[in-house]
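**Q** Handing you this structure, nothing more for now.
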Amino acid sequence: MPLDRASTLSEVELLLPDIRCAGCIGPVERTLAAIPGVLEARVNLTAKRARVRLEPGQVEAEQLVAALGEAGFSARPFDRNVDGGQAADHTARDLLLRIGVAGFAAMNVMLLSISVWSGAEAATRDLLHWISGLIALPAMAYAGLPFYRSAASALAGARVNMDVPITLAIALSALSSLIETARGGEHAYFDAGIMLIFFLLVGRYLEHRTRAGARTAAAELSALAGRQAMRRDADGGRRLVAVDELAPGEIIEIAAGERIPADGIVIDGTSDLDRSLVTGESRAEPVLAGETVNAGMVNLTGPLAIRITATGDRTLLAEIARMVDAAERGRTRYDKLADRAARIYAPGVHIVALLAFVGWLGAGAEWHGALMIAAAVLIITCPCALALAIPTVHTVATGRLFRTGIFLKDGAELERLAEVDLVAFDKTGTLTDGKPELIEGPAEKSPAWPVAAALTAGSLHPLSKAIAARAETLGVAPAEVSEIREIPGFGIEGDLQGTPVRLGRPEWAGATPGADGVVLRTGDAVHGFKFRDRPRPDMSEAAQTLRGLGLEMAILSGDKRAHVDAIGDTAGIARRHGDLAPGEKLRLLQDWAAEGRRVLMVGDGLNDAPALSAAHASMSPGSASDVARSAAGLVFTGANLAPVAEAIRVARAARRRAFESFGIAAVYNSIAIPLAVMGFVTPLIAALAMSGSSLLVVLNALRVRSAR
């Protein structure tokens with residue numbers, strides 16, 4: 001099942017370890033897009049990576065890294081062998097270490113603060129304040145370093161991110177405490193400052209671990225690639241080598257239980273394979289010499305020798321990973337809304353905090369009290385929940401689709417899929433298994449067979465394949481037909497030594513109107529071919545499930561109306577249209593769109609490509625033609641139609657979770673900001689509230705995994 005091939009344009013993948021919210025996506029993409037030679041830049045927030053499409057030879061990765069550095073973003077080329085799970089583990093360990101330092105310092109400072117609160121005065125109080133400062137300030141400097149670095153990078157790029165108000169709040173608490181201690185004042189907030197960092201770090205660690213639970217599907221695919229392989233050398237020797245050293249044409253040996261590291265053809269051995277990556281079926285399938293296998297499949301029972309046909313980025317596994325990664329990087333209108341809100345929100349936070357400080361001073365509050373209120377406002381209004389709402393939902397939904405054998409090619413397709421109210425199916429290859437059997441045709445010695453063999457030799461149409469297979473069984477040698485041309489929705493034509501020949505729809509080939517099956521016309525002679533096509537095994541069940549989701553259904557087919565009616569009766573689909581040319585399918589979809597209908601088109605053939613492109617959303621089975629898969633927004637594997645309903649369920653669940661997350665962020669801010677401005681929230685409570693809202697949004701997004 002070859003999927004879309006990678007673009008011939010160069011691509012570079014960059015790791016962005018310090019981006020944390022949707023407010024970073026826009027600046028990164030705009031910075032990269034402004035570089036001459038960059039055609040497109042898309043950021044995957046969950047993976048913290050950017051994929052950049054370039055004109056070959058126009059720009060180097062080092063230039064991209066330098067431009068991002070000037071804009072305040074640290075970046076480096078992404079290496080899958082280095083920057084995978086180990087990087088995530090390093091981040092978790094670093095956060096835990098800083099939490100330990102902050103927690104230990106906070107406990108000691110709190111013990112000293114108890115003495116101050118118990119009534120210590122004058123020199124004793126000042127001594128306790130100084131000791132608290134000596135403990136807290138070094139701990140604050142070390143434990144809060146992730147916030148300070150992020151804020152400094154943002155300010156260096158003349159922008160504001162979520163860590164700027166946090167850093168400002170920490171600095172204000174430390175500075176006001178030092179000033180109070182130096183002047184012998186009663187109020188010092190070293191305990192509050194270090195506790196603030198402790199709770200912020202705990203929140204960040206929990207967020208990190210929770211978002212790791214929303215691990216990207218592309219990352220899971222990368223984990224399916226093997227790292228080593230047993231290569232058979234030309235002299236007959238065997239050597240264990242890294243997968244990166246393999247090349248097409250070489251022979252590798254795969255023992256039972258091993259994962260296949262490259263695409264290839266079996267040249268020796270028999271076994272059973274777990275092909276679920278490609279077929280979506282969990283049962284083991286036999287494999288014999290001469291059959292094609294793909295990277296990521298698991299050899300279950302016997303040893304195999306495989307001649308490599310593709311490695312690395314040219315394997316099917318890599319193509320699927322690119323498709324999934326593109327979906328995770330896709331931007332819906334909800335993402336864009338969150339991005340705009342975060343850009344407006346960041347400067348608004350500082351304005352509100354400044355107004356709170358000035359207002360409380362004007363109301364007669366002491367400066368240190370007004371300062372703490374401003375710090376609480378800065379922390380509690382951080383737009384973390386808003387920024388995390390959509391990217392996390394998007395990533396979790398893409399991962400769930402992937403695990404059920406559905407590959408989303410464009411993130412915006414998920415949004416459109418949730419809106420559909422009518423599902424339109426092609427018949428042959430979509431509602432049916434796409435493997436029609438020839439049940440009636442010309443006599444074995446008929447001169448029609450060599451011509452039919454020549455016309456169908458290069459065609460991917462299921463009916464053409466059936467004719468070609470029968471011709472091969474009969475041992476027919478193809479005739480010398482030139483200028484062969486396939487016309488989507490009609491058939492194939494060519495020239496047989498000056499005589500036009502056509503194979504396809506009866507009326508197009510020149511047969512009697514109303515004739516059944518496919519007709520071959522050579523000069524004045526007409527030959528008929530009739531087929532039988534079996535419905536997909538779960539067609540009726542899938543149709544019933546879609547009705548349960550409140551969806552209408554229709555069949556749009558180029559096949560005869562009698563055949564369409566038979567399938568429609570079996571599936572219980574009342575709206576049927578047969579004998580449709582590609583343009584007629586397209587016009588029907590346009591008419592429905594004009595009526596306000598939002599149609600999901602499911603098709604597999606070359607003639608379905610215009611309809612797939614024009615529909616509100618589109619899906620194609622993995623067995624479809626290359627053109628159909630390119631035009632569809634989603635591709636599903638396996639022999640069943642269940643993925644159609646599953647994709648709609650996931651899309652609807654993702655939309656619900658997105659709206660809920662926006663609602664959580666809105667309710668949180670509508671309550672938290674007034675309380676902080678009125679002085680009812682301390683910086684500690686603000687840190688807990690901000691971290692809690694972010695965790696709540698991420699946990700809500702994870703509910704997409706179990707949505708029914």
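Just remember, in the structure tokens the first chain shown is A, the second B, etc., residues are 1-based per chain, and ligands are 1-based in the order shown.
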Could you name the residues that touch region 241-258 of chain A at 7 Å or less, counting only C-alpha atoms, but leaving out those on the same chain fewer than 3 positions away, as an MDAnalysis selection string?
**A** chainID A and resid 226:232 261 298:311
**Q** Return the single residue from A:Thr395, A:Asn44, A:Thr682, A:Thr432 that is closest to Gly568 (chain A), with distances computed using only C-alpha atoms.
**A**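 Looking only at the distances to Gly568 (chain A), the closest residue turns out to be A:Thr432.
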**Q** Just the residues within 8 Å of Thr167 (chain A), please, counting only C-alpha atoms, with nothing from its chain fewer than 6 positions along; format it as an NGL selection string.
**A** :A and (147-148 or 151)
**Q** Would you mind listing, for every residue of region 460-485 of chain A within 10 Å of region 433-439 of chain A, the two atoms forming the shortest contact and the distance between them in Å to one decimal, using only C-alpha atoms, sorted by chain and ascending residue number, as JSON lines?
**A**
{"residue": "A:His461", "atom": "CA", "partner": "A:Gly434", "partner_atom": "CA", "distance": 8.9}
{"residue": "A:Pro462", "atom": "CA", "partner": "A:Gly434", "partner_atom": "CA", "distance": 5.9}
{"residue": "A:Leu463", "atom": "CA", "partner": "A:Pro436", "partner_atom": "CA", "distance": 6.4}
{"residue": "A:Ser464", "atom": "CA", "partner": "A:Pro436", "partner_atom": "CA", "distance": 9.5}
{"residue": "A:Lys465", "atom": "CA", "partner": "A:Lys435", "partner_atom": "CA", "distance": 8.3}
{"residue": "A:Ala466", "atom": "CA", "partner": "A:Leu438", "partner_atom": "CA", "distance": 6.2}
{"residue": "A:Ile467", "atom": "CA", "partner": "A:Leu438", "partner_atom": "CA", "distance": 6.9}
{"residue": "A:Ala469", "atom": "CA", "partner": "A:Leu438", "partner_atom": "CA", "distance": 9.3}
{"residue": "A:Arg470", "atom": "CA", "partner": "A:Leu438", "partner_atom": "CA", "distance": 7.6}
**Q** Those same residues, written as a PDB file, in the first residue's frame with C-alpha atoms?
**A**
ATOM      1  CA  HIS A 461      -8.631  -0.416 -11.927  1.00  0.00           C
ATOM      2  CA  PRO A 462     -10.083  -3.512 -10.188  1.00  0.00           C
ATOM      3  CA  LEU A 463     -11.950  -4.651 -13.319  1.00  0.00           C
ATOM      4  CA  SER A 464      -8.801  -4.257 -15.399  1.00  0.00           C
ATOM      5  CA  LYS A 465      -6.880  -6.319 -12.871  1.00  0.00           C
ATOM      6  CA  ALA A 466      -9.473  -9.093 -13.063  1.00  0.00           C
ATOM      7  CA  ILE A 467      -9.233  -9.193 -16.878  1.00  0.00           C
ATOM      8  CA  ALA A 469      -5.346 -11.942 -14.238  1.00  0.00           C
ATOM      9  CA  ARG A 470      -7.595 -14.128 -16.413  1.00  0.00           C
TER      10      ARG A 470
END
**Q** Might you pull out every residue within 7 Å of region 284-294 of chain A, with only C-alpha atoms counted and same-chain residues fewer than 4 positions away left off, and present them as a PyMOL selection string?
**A** chain A and resi 260+262-274+316
**Q** Keeping only C-alpha atoms, write those residues as a CSV table (one decimal), in the first residue's frame.
**A**
chain,number,residue,atom,x,y,z
A,260,ILE,CA,11.6,-6.2,9.8
A,262,ALA,CA,13.3,-2.3,5.8
A,263,ASP,CA,11.0,-2.8,2.9
A,264,GLY,CA,11.8,-5.8,0.7
A,265,ILE,CA,10.9,-9.0,-1.1
A,266,VAL,CA,11.1,-12.4,0.6
A,267,ILE,CA,13.6,-14.6,-1.4
A,268,ASP,CA,13.7,-17.5,1.0
A,269,GLY,CA,11.7,-19.0,3.9
A,270,THR,CA,8.1,-19.2,4.9
A,271,SER,CA,6.6,-17.6,8.1
A,272,ASP,CA,3.6,-15.8,9.5
A,273,LEU,CA,3.7,-12.0,9.8
A,274,ASP,CA,2.0,-9.4,12.0
A,316,LEU,CA,6.3,2.6,3.9
**Q** Could you give me, as an mmCIF file with C-alpha atoms, in the first residue's frame, the residues within 10 Å of Gln58 (chain A), counting only C-alpha atoms and dropping anything in the same chain fewer than 3 positions from it?
**A**
data_model
loop_
_atom_site.group_PDB
_atom_site.id
_atom_site.type_symbol
_atom_site.label_atom_id
_atom_site.label_comp_id
_atom_site.auth_asym_id
_atom_site.auth_seq_id
_atom_site.Cartn_x
_atom_site.Cartn_y
_atom_site.Cartn_z
ATOM 1 C CA SER A 10 14.193 19.340 0.683
ATOM 2 C CA ILE A 35 14.026 33.217 5.310
ATOM 3 C CA PRO A 36 14.608 33.172 1.516
ATOM 4 C CA GLY A 37 14.326 29.623 0.196
ATOM 5 C CA VAL A 38 11.864 28.465 2.878
ATOM 6 C CA LEU A 54 13.032 24.195 1.430
ATOM 7 C CA GLU A 55 14.016 24.859 -2.124
#
**Q** Please identify the strand (DSSP E) residues within region 405-627 of chain A (assignment by DSSP from backbone atoms) and present them as a VMD selection string.
**A** chain A and resid 406 to 408 422 to 425 437 to 440 481 to 487 491 to 496 499 to 504 518 to 522 525 to 532 552 to 556 575 to 577 599 to 602 617 to 621
**Q** Name all residues at most 6 Å from region 422-426 of chain A (count only C-alpha atoms; drop same-chain ones fewer than 3 positions away) and give them as a list of chain:residue names.
**A**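 The contact residues come out as A:Thr430, A:Leu551, A:Glu552, A:Met553, A:Ala554, A:Ile555, A:Leu556, A:Ser557, A:Val599, A:Leu600, A:Met601, A:Val602, A:Gly603.
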**Q** Using N, CA and C atoms, can you write the selected residues to a file as an mmCIF file, in the first residue's frame?
**A**
data_model
loop_
_atom_site.group_PDB
_atom_site.id
_atom_site.type_symbol
_atom_site.label_atom_id
_atom_site.label_comp_id
_atom_site.auth_asym_id
_atom_site.auth_seq_id
_atom_site.Cartn_x
_atom_site.Cartn_y
_atom_site.Cartn_z
ATOM 1 N N THR A 430 -14.924 0.150 -2.497
ATOM 2 C CA THR A 430 -15.188 0.879 -1.252
ATOM 3 C C THR A 430 -16.234 0.124 -0.432
ATOM 4 N N LEU A 551 -26.266 10.011 10.819
ATOM 5 C CA LEU A 551 -25.782 10.385 9.487
ATOM 6 C C LEU A 551 -26.634 9.754 8.392
ATOM 7 N N GLU A 552 -26.862 10.514 7.336
ATOM 8 C CA GLU A 552 -27.462 9.957 6.128
ATOM 9 C C GLU A 552 -26.367 9.372 5.254
ATOM 10 N N MET A 553 -26.756 8.477 4.339
ATOM 11 C CA MET A 553 -25.782 7.842 3.459
ATOM 12 C C MET A 553 -26.264 7.848 2.022
ATOM 13 N N ALA A 554 -25.313 7.774 1.123
ATOM 14 C CA ALA A 554 -25.625 7.718 -0.306
ATOM 15 C C ALA A 554 -24.554 6.893 -1.005
ATOM 16 N N ILE A 555 -24.913 6.348 -2.158
ATOM 17 C CA ILE A 555 -23.949 5.632 -3.002
ATOM 18 C C ILE A 555 -23.810 6.410 -4.303
ATOM 19 N N LEU A 556 -22.567 6.748 -4.654
ATOM 20 C CA LEU A 556 -22.264 7.409 -5.925
ATOM 21 C C LEU A 556 -21.346 6.482 -6.698
ATOM 22 N N SER A 557 -21.846 5.904 -7.787
ATOM 23 C CA SER A 557 -21.077 4.890 -8.489
ATOM 24 C C SER A 557 -21.173 5.062 -9.993
ATOM 25 N N VAL A 599 -20.581 16.884 3.300
ATOM 26 C CA VAL A 599 -20.489 15.500 2.843
ATOM 27 C C VAL A 599 -19.102 14.930 3.090
ATOM 28 N N LEU A 600 -19.084 13.718 3.627
ATOM 29 C CA LEU A 600 -17.863 12.918 3.678
ATOM 30 C C LEU A 600 -17.897 11.969 2.494
ATOM 31 N N MET A 601 -16.925 12.090 1.594
ATOM 32 C CA MET A 601 -16.839 11.208 0.425
ATOM 33 C C MET A 601 -15.839 10.100 0.734
ATOM 34 N N VAL A 602 -16.254 8.853 0.511
ATOM 35 C CA VAL A 602 -15.382 7.697 0.714
ATOM 36 C C VAL A 602 -15.249 6.992 -0.625
ATOM 37 N N GLY A 603 -14.064 7.004 -1.199
ATOM 38 C CA GLY A 603 -13.868 6.411 -2.520
ATOM 39 C C GLY A 603 -12.457 5.920 -2.710
#
**Q** To one decimal place, how far is CA of Ile406 (chain A) from CA of Leu634 (chain A) in Å?
**A**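 Between CA of Ile406 (chain A) and CA of Leu634 (chain A) the gap works out to 6.8 Å.
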